[in-house]
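S.K.: Mind looking over this structure? Questions follow.
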Amino acid sequence: MILDLDIGNTLSKWRLKDAESSEIRSRGAVWTREEWRPGADIPDLDVVEAVRISSVARKAVLAQTVALLQRRVRSVHVARSEPEALGVANGYQEPGKLGVDRWLGVLAGYQLAGGCCTVDCGSAITVDFVLPGGQHLGGYILPGLRLMKESLKLGTRNVAIDPDSEADALLVPGERTVEAVNHGIYMAAVSAVNRIYSEVCDREGVSLPLLLTGGDARVVSRGVQVPHAVWPDMVYGGLEACFPLTAAERAGRMSGAPTVPRRVPLEKIRAGLAFSMLL
């Protein structure tokens, strides 16, 4: 089995993948802690042959996790943000400072669609762009839905936005405080994603496929105005591309990869952007 770990600042996700069939056998998530305990926080390591890790947690958390795994598993691979990989040139002035989850998302998106825009809707919402030739432009970071809600300190943070809510219902004025907060942060998030996407496509003169991932991707996607795909395993896809361990991965197939969303004509993106600037 292959254990893939996506260690975030708040939540750590994992999945077990069969090394022979490339099938996903199980998956889960735990709160990121100072110390990980086998059997409680992560799957049974006796069945694991290799581990692939993406981590944006504190260095001490990653170091302790790697030390634990290296005592039990034959092969441990840790992803790092590089100046260049898999045909993509990192757009950061200091490439190592780019969050590795963003880097892996960009790499996965580029392997799937060529040039693309990747949006990760987690504790923060990150938006990154890579052009068809492989140049990563850098990106944007804004507060995620939960972080925006907590910043208001109105005691509504435990009332989450229903991911099955229709966008139209979330964009009308709220008639209770909790609704006003939820609708306000939703409006802020989806408006930012829509505007950022349109502005960058207009400036670069290219229409890019849009890919969303992260815990709030489902709800944010309902307000995104251009065709897009939700790819829950996008960071894992980057791990697969960087460290291919199965026959399917070596052939370039990433588990759970969606169909590439169709591109909107650039003229339509520009027309929508011009209209929004008049409002």
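In the structure tokens, the first chain shown is A, the next is B, and so on; residue numbers restart at 1 for each chain, and ligands run from 1 in the order shown.
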When DSSP works through the backbone of this structure, what residues of region 88-230 of chain A end up as helix (DSSP H, G or I), shown as number ranges by chain?
M.R.: A: 95-97, 100-113, 145-152, 167-170, 177-204, 217-221
S.K.: To one decimal place, how far is CA of Tyr92 (chain A) from CA of Ala60 (chain A) in Å?
M.R.: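 For CA of Tyr92 (chain A) relative to CA of Ala60 (chain A), the distance reads 24.2 Å.
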S.K.: Excluding same-chain residues fewer than 3 positions from Val119 (chain A), what lies within 9 Å of it counting only C-alpha atoms, as a PDB file with N, CA, C and O atoms, in the first residue's frame?
M.R.:
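Saved as selection_34.pdb:
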```
ATOM      1  N   ARG A 102       0.128  24.410  -2.728  1.00  0.00           N
ATOM      2  CA  ARG A 102      -0.151  25.187  -3.940  1.00  0.00           C
ATOM      3  C   ARG A 102       0.708  24.691  -5.099  1.00  0.00           C
ATOM      4  O   ARG A 102       0.225  24.566  -6.236  1.00  0.00           O
ATOM      5  N   GLY A 105      -0.642  21.456  -6.395  1.00  0.00           N
ATOM      6  CA  GLY A 105      -1.869  21.690  -7.146  1.00  0.00           C
ATOM      7  C   GLY A 105      -1.585  22.216  -8.540  1.00  0.00           C
ATOM      8  O   GLY A 105      -2.207  21.793  -9.525  1.00  0.00           O
ATOM      9  N   ILE A 125      -8.122  30.701   1.018  1.00  0.00           N
ATOM     10  CA  ILE A 125      -8.428  30.424  -0.384  1.00  0.00           C
ATOM     11  C   ILE A 125      -7.239  30.914  -1.198  1.00  0.00           C
ATOM     12  O   ILE A 125      -6.872  32.091  -1.131  1.00  0.00           O
ATOM     13  N   THR A 126      -6.614  30.009  -1.927  1.00  0.00           N
ATOM     14  CA  THR A 126      -5.463  30.373  -2.748  1.00  0.00           C
ATOM     15  C   THR A 126      -5.832  30.203  -4.216  1.00  0.00           C
ATOM     16  O   THR A 126      -6.538  29.264  -4.581  1.00  0.00           O
ATOM     17  N   VAL A 127      -5.375  31.133  -5.030  1.00  0.00           N
ATOM     18  CA  VAL A 127      -5.645  31.103  -6.468  1.00  0.00           C
ATOM     19  C   VAL A 127      -4.304  31.214  -7.188  1.00  0.00           C
ATOM     20  O   VAL A 127      -3.566  32.183  -6.977  1.00  0.00           O
ATOM     21  N   ASP A 128      -3.975  30.216  -8.004  1.00  0.00           N
ATOM     22  CA  ASP A 128      -2.701  30.211  -8.726  1.00  0.00           C
ATOM     23  C   ASP A 128      -2.948  30.039 -10.211  1.00  0.00           C
ATOM     24  O   ASP A 128      -3.919  29.400 -10.628  1.00  0.00           O
ATOM     25  N   VAL A 193     -12.885  35.191  -6.337  1.00  0.00           N
ATOM     26  CA  VAL A 193     -12.423  34.160  -7.269  1.00  0.00           C
ATOM     27  C   VAL A 193     -12.814  34.528  -8.696  1.00  0.00           C
ATOM     28  O   VAL A 193     -11.989  34.451  -9.629  1.00  0.00           O
ATOM     29  N   LEU A 210     -10.353  26.027 -15.224  1.00  0.00           N
ATOM     30  CA  LEU A 210     -10.406  26.371 -13.801  1.00  0.00           C
ATOM     31  C   LEU A 210     -10.664  25.104 -12.985  1.00  0.00           C
ATOM     32  O   LEU A 210     -11.621  24.369 -13.251  1.00  0.00           O
ATOM     33  N   LEU A 211      -9.797  24.850 -11.987  1.00  0.00           N
ATOM     34  CA  LEU A 211      -9.871  23.649 -11.164  1.00  0.00           C
ATOM     35  C   LEU A 211      -9.942  24.037  -9.690  1.00  0.00           C
ATOM     36  O   LEU A 211      -9.131  24.835  -9.221  1.00  0.00           O
ATOM     37  N   LEU A 212     -10.900  23.468  -8.949  1.00  0.00           N
ATOM     38  CA  LEU A 212     -11.079  23.781  -7.539  1.00  0.00           C
ATOM     39  C   LEU A 212     -10.819  22.546  -6.684  1.00  0.00           C
ATOM     40  O   LEU A 212     -11.166  21.420  -7.062  1.00  0.00           O
ATOM     41  N   THR A 213     -10.237  22.778  -5.512  1.00  0.00           N
ATOM     42  CA  THR A 213     -10.035  21.711  -4.540  1.00  0.00           C
ATOM     43  C   THR A 213     -10.203  22.293  -3.146  1.00  0.00           C
ATOM     44  O   THR A 213     -10.456  23.482  -2.978  1.00  0.00           O
ATOM     45  N   GLY A 214     -10.081  21.453  -2.120  1.00  0.00           N
ATOM     46  CA  GLY A 214     -10.164  21.927  -0.742  1.00  0.00           C
ATOM     47  C   GLY A 214     -11.516  21.649  -0.106  1.00  0.00           C
ATOM     48  O   GLY A 214     -12.505  21.348  -0.797  1.00  0.00           O
ATOM     49  N   ALA A 217     -14.529  23.574  -1.437  1.00  0.00           N
ATOM     50  CA  ALA A 217     -14.613  23.697  -2.897  1.00  0.00           C
ATOM     51  C   ALA A 217     -16.031  23.504  -3.413  1.00  0.00           C
ATOM     52  O   ALA A 217     -16.470  24.207  -4.328  1.00  0.00           O
TER      53      ALA A 217
END
```
S.K.: Given only C-alpha atoms as the basis, pick out the residue of A:Pro244, A:Thr10, A:Glu23, A:Asn194 nearest to Leu147 (chain A).
M.R.: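 Nearest to Leu147 (chain A): A:Thr10.
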S.K.: Pull the strand (DSSP E or B) assignments for region 11-218 of chain A out of DSSP run on the backbone, and list those residues as a PyMOL selection string.
M.R.: chain A and resi 11-17+24-31+38+42+50-55+75-78+84-85+88-89+116-121+124-130+135-143+210-213
S.K.: Please tabulate, as CSV, the residues of region 57-172 of chain A that come within 9 Å of region 254-258 of chain A, each with its closest pair of atoms and the distance in Å to one decimal, counting only C-alpha atoms and ordering rows by chain, then residue number upward.
M.R.:
```
residue,atom,partner,partner_atom,distance
A:Ala108,CA,A:Met254,CA,8.1
A:Gln111,CA,A:Met254,CA,9.0
A:Leu112,CA,A:Ala257,CA,7.6
```
S.K.: Check the smallest atom-to-atom distance from each of A:Lys59, A:Arg263, A:Arg270, A:His228 to Val200 (chain A) using only C-alpha atoms, then report the winner.
M.R.: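 Looking at the shortest contact to Val200 (chain A), the residue is A:Arg270.
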S.K.: List the spatial neighbours of Arg253 (chain A) as a count of residues only - criterion: any atom at most 9 Å away, only C-alpha atoms, same-chain residues fewer than 4 positions off excluded.
M.R.: 8
S.K.: Suppose you want the space between CA of Gly28 (chain A) and CA of Met234 (chain A); what is it in Å?
M.R.: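 CA of Gly28 (chain A) sits 15.6 Å away from CA of Met234 (chain A).
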S.K.: Point out the residue among A:Leu107, A:Arg146, A:Thr118, A:Val78 with the least atom-to-atom distance to Val51 (chain A), counting only C-alpha atoms.
M.R.: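 Checking each candidate against Val51 (chain A), we get A:Val78 as the closest.
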S.K.: Give me the residues near region 47-50 of chain A as a list in words, where near means some atom within 8 Å (using only C-alpha atoms) and where sequence neighbours in that chain fewer than 6 positions away do not count.
M.R.: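 Near neighbours after the sequence-gap exclusion: Met1, Ile2, Leu3, Val73, Arg74, Ser75, Val76 and His77 of chain A.
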S.K.: Please write the residues from the selection above to a file, keeping all heavy atoms, as a PDB file, in the first residue's frame.
M.R.:
```
ATOM      1  N   MET A   1       0.831  -1.194   0.000  1.00  0.00           N
ATOM      2  CA  MET A   1       0.000   0.000   0.000  1.00  0.00           C
ATOM      3  C   MET A   1       0.876   1.259   0.000  1.00  0.00           C
ATOM      4  O   MET A   1       1.984   1.263   0.535  1.00  0.00           O
ATOM      5  CB  MET A   1      -0.914   0.025   1.228  1.00  0.00           C
ATOM      6  CG  MET A   1      -2.009  -1.012   1.220  1.00  0.00           C
ATOM      7  SD  MET A   1      -3.306  -0.609   0.012  1.00  0.00           S
ATOM      8  CE  MET A   1      -4.414  -1.975   0.325  1.00  0.00           C
ATOM      9  N   ILE A   2       0.326   2.322  -0.581  1.00  0.00           N
ATOM     10  CA  ILE A   2       0.964   3.636  -0.576  1.00  0.00           C
ATOM     11  C   ILE A   2       0.119   4.549   0.315  1.00  0.00           C
ATOM     12  O   ILE A   2      -1.100   4.648   0.140  1.00  0.00           O
ATOM     13  CB  ILE A   2       1.048   4.224  -1.988  1.00  0.00           C
ATOM     14  CG1 ILE A   2       1.866   3.308  -2.909  1.00  0.00           C
ATOM     15  CG2 ILE A   2       1.648   5.624  -1.955  1.00  0.00           C
ATOM     16  CD1 ILE A   2       1.710   3.631  -4.380  1.00  0.00           C
ATOM     17  N   LEU A   3       0.761   5.205   1.263  1.00  0.00           N
ATOM     18  CA  LEU A   3       0.078   6.161   2.117  1.00  0.00           C
ATOM     19  C   LEU A   3       0.405   7.568   1.639  1.00  0.00           C
ATOM     20  O   LEU A   3       1.576   7.961   1.600  1.00  0.00           O
ATOM     21  CB  LEU A   3       0.520   5.994   3.575  1.00  0.00           C
ATOM     22  CG  LEU A   3       0.011   7.042   4.580  1.00  0.00           C
ATOM     23  CD1 LEU A   3      -1.512   7.007   4.670  1.00  0.00           C
ATOM     24  CD2 LEU A   3       0.636   6.813   5.953  1.00  0.00           C
ATOM     25  N   VAL A  73       8.502   2.406   7.715  1.00  0.00           N
ATOM     26  CA  VAL A  73       8.208   2.281   6.279  1.00  0.00           C
ATOM     27  C   VAL A  73       9.504   2.364   5.491  1.00  0.00           C
ATOM     28  O   VAL A  73      10.389   3.163   5.805  1.00  0.00           O
ATOM     29  CB  VAL A  73       7.227   3.385   5.828  1.00  0.00           C
ATOM     30  CG1 VAL A  73       6.915   3.254   4.346  1.00  0.00           C
ATOM     31  CG2 VAL A  73       5.940   3.326   6.648  1.00  0.00           C
ATOM     32  N   ARG A  74       9.584   1.564   4.447  1.00  0.00           N
ATOM     33  CA  ARG A  74      10.810   1.470   3.659  1.00  0.00           C
ATOM     34  C   ARG A  74      11.134   2.751   2.900  1.00  0.00           C
ATOM     35  O   ARG A  74      12.287   3.160   2.784  1.00  0.00           O
ATOM     36  CB  ARG A  74      10.669   0.309   2.669  1.00  0.00           C
ATOM     37  CG  ARG A  74      11.897   0.055   1.804  1.00  0.00           C
ATOM     38  CD  ARG A  74      11.649  -1.153   0.916  1.00  0.00           C
ATOM     39  NE  ARG A  74      10.496  -0.930   0.046  1.00  0.00           N
ATOM     40  CZ  ARG A  74       9.832  -1.905  -0.559  1.00  0.00           C
ATOM     41  NH1 ARG A  74      10.176  -3.149  -0.350  1.00  0.00           N
ATOM     42  NH2 ARG A  74       8.818  -1.628  -1.348  1.00  0.00           N
ATOM     43  N   SER A  75      10.104   3.426   2.367  1.00  0.00           N
ATOM     44  CA  SER A  75      10.344   4.568   1.488  1.00  0.00           C
ATOM     45  C   SER A  75       9.428   5.733   1.872  1.00  0.00           C
ATOM     46  O   SER A  75       8.203   5.573   1.926  1.00  0.00           O
ATOM     47  CB  SER A  75      10.090   4.154   0.031  1.00  0.00           C
ATOM     48  OG  SER A  75      10.299   5.219  -0.854  1.00  0.00           O
ATOM     49  N   VAL A  76      10.025   6.897   2.155  1.00  0.00           N
ATOM     50  CA  VAL A  76       9.264   8.096   2.520  1.00  0.00           C
ATOM     51  C   VAL A  76       9.680   9.234   1.586  1.00  0.00           C
ATOM     52  O   VAL A  76      10.861   9.575   1.513  1.00  0.00           O
ATOM     53  CB  VAL A  76       9.498   8.500   3.989  1.00  0.00           C
ATOM     54  CG1 VAL A  76       8.734   9.790   4.310  1.00  0.00           C
ATOM     55  CG2 VAL A  76       9.095   7.379   4.940  1.00  0.00           C
ATOM     56  N   HIS A  77       8.722   9.810   0.873  1.00  0.00           N
ATOM     57  CA  HIS A  77       8.980  10.900  -0.068  1.00  0.00           C
ATOM     58  C   HIS A  77       8.307  12.170   0.447  1.00  0.00           C
ATOM     59  O   HIS A  77       7.103  12.164   0.725  1.00  0.00           O
ATOM     60  CB  HIS A  77       8.425  10.572  -1.455  1.00  0.00           C
ATOM     61  CG  HIS A  77       8.917   9.272  -2.016  1.00  0.00           C
ATOM     62  ND1 HIS A  77      10.118   9.158  -2.683  1.00  0.00           N
ATOM     63  CD2 HIS A  77       8.372   8.028  -2.001  1.00  0.00           C
ATOM     64  CE1 HIS A  77      10.291   7.896  -3.073  1.00  0.00           C
ATOM     65  NE2 HIS A  77       9.247   7.199  -2.667  1.00  0.00           N
TER      66      HIS A  77
END
```
S.K.: Please identify every residue of region 102-153 of chain A that has at least one atom no farther than 7 Å from an atom of region 86-89 of chain A, counting only C-alpha atoms, and for each give the shortest atom pair and the distance in Å to one decimal, arranged by chain then increasing number, as a tab-separated table.
M.R.:
```
residue	atom	partner	partner_atom	distance
A:Leu107	CA	A:Val88	CA	6.9
A:Gly134	CA	A:Val88	CA	4.4
A:Gln135	CA	A:Ala89	CA	5.0
A:His136	CA	A:Ala89	CA	5.7
```
S.K.: Print the selection's residues with N, CA and C atoms to a file, as a compact mmCIF listing (two decimals), in the first residue's frame.
M.R.:
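Everything below was put into selection-v2.txt:
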```txt
# COMPACT_ATOMS: atom_id res chain seq x y z
N LEU A 107 1.20 21.75 -10.26
CA LEU A 107 1.80 20.66 -11.04
C LEU A 107 0.74 19.68 -11.53
N GLY A 134 3.91 26.65 -19.32
CA GLY A 134 4.47 26.14 -18.07
C GLY A 134 4.96 27.20 -17.11
N GLN A 135 4.77 28.48 -17.42
CA GLN A 135 5.21 29.53 -16.51
C GLN A 135 4.15 29.77 -15.44
N HIS A 136 4.51 29.48 -14.20
CA HIS A 136 3.64 29.79 -13.07
C HIS A 136 3.75 31.29 -12.79
```
S.K.: How many Å lie between CA of Arg222 (chain A) and CA of Val178 (chain A), rounded to one decimal?
M.R.: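 Between CA of Arg222 (chain A) and CA of Val178 (chain A) the gap is 19.7 Å.
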S.K.: Under the rule that only C-alpha atoms are counted, which of A:Arg262, A:Lys17, A:Arg71, A:Arg25 is the nearest residue to Pro227 (chain A)?
M.R.: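 Once distances to Pro227 (chain A) are computed over only C-alpha atoms, the minimum belongs to A:Arg262.
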S.K.: Show which residues sit within 12 Å of Ala274 (chain A), as a ChimeraX atom specification. Count only C-alpha atoms, and ignore same-chain residues fewer than 4 positions away.
M.R.: /A:195,198-199,202,267-270,278-279
S.K.: Keeping only N, CA and C atoms, take the residues you just selected and write them out as an mmCIF file, in the first residue's frame.
M.R.:
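Dumped everything to again-v9.cif:
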```
data_model
loop_
_atom_site.group_PDB
_atom_site.id
_atom_site.type_symbol
_atom_site.label_atom_id
_atom_site.label_comp_id
_atom_site.auth_asym_id
_atom_site.auth_seq_id
_atom_site.Cartn_x
_atom_site.Cartn_y
_atom_site.Cartn_z
ATOM 1 N N ARG A 195 -13.493 37.486 -9.976
ATOM 2 C CA ARG A 195 -12.797 38.685 -10.451
ATOM 3 C C ARG A 195 -11.324 38.392 -10.733
ATOM 4 N N SER A 198 -10.969 36.438 -14.007
ATOM 5 C CA SER A 198 -11.214 37.260 -15.189
ATOM 6 C C SER A 198 -10.090 38.261 -15.422
ATOM 7 N N GLU A 199 -9.621 38.892 -14.346
ATOM 8 C CA GLU A 199 -8.567 39.904 -14.472
ATOM 9 C C GLU A 199 -7.285 39.298 -15.049
ATOM 10 N N ASP A 202 -7.677 38.180 -18.695
ATOM 11 C CA ASP A 202 -7.689 39.367 -19.550
ATOM 12 C C ASP A 202 -6.275 39.905 -19.736
ATOM 13 N N GLU A 267 -13.097 36.473 -25.367
ATOM 14 C CA GLU A 267 -13.952 37.643 -25.597
ATOM 15 C C GLU A 267 -15.096 37.678 -24.593
ATOM 16 N N LYS A 268 -15.630 36.511 -24.240
ATOM 17 C CA LYS A 268 -16.731 36.458 -23.275
ATOM 18 C C LYS A 268 -16.236 36.815 -21.879
ATOM 19 N N ILE A 269 -15.033 36.356 -21.519
ATOM 20 C CA ILE A 269 -14.450 36.709 -20.221
ATOM 21 C C ILE A 269 -14.257 38.222 -20.142
ATOM 22 N N ARG A 270 -13.734 38.811 -21.193
ATOM 23 C CA ARG A 270 -13.485 40.257 -21.202
ATOM 24 C C ARG A 270 -14.785 41.045 -21.160
ATOM 25 N N LEU A 278 -18.423 48.261 -14.689
ATOM 26 C CA LEU A 278 -19.380 49.368 -14.829
ATOM 27 C C LEU A 278 -20.323 49.451 -13.646
ATOM 28 N N LEU A 279 -20.454 48.344 -12.900
ATOM 29 C CA LEU A 279 -21.444 48.300 -11.808
ATOM 30 C C LEU A 279 -20.935 49.058 -10.594
#
```
S.K.: Given only C-alpha atoms as the basis, pick out the residue of A:Gly223, A:Gly144, A:Pro95, A:Gly238 nearest to Asp4 (chain A).
M.R.: A:Gly238
S.K.: Just checking: using only C-alpha atoms, which residue out of A:Cys121, A:Trp14, A:Leu131, A:Leu273 ends up closest to Leu208 (chain A)?
M.R.: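 With only C-alpha atoms as the atom set, the closest residue is A:Leu131.
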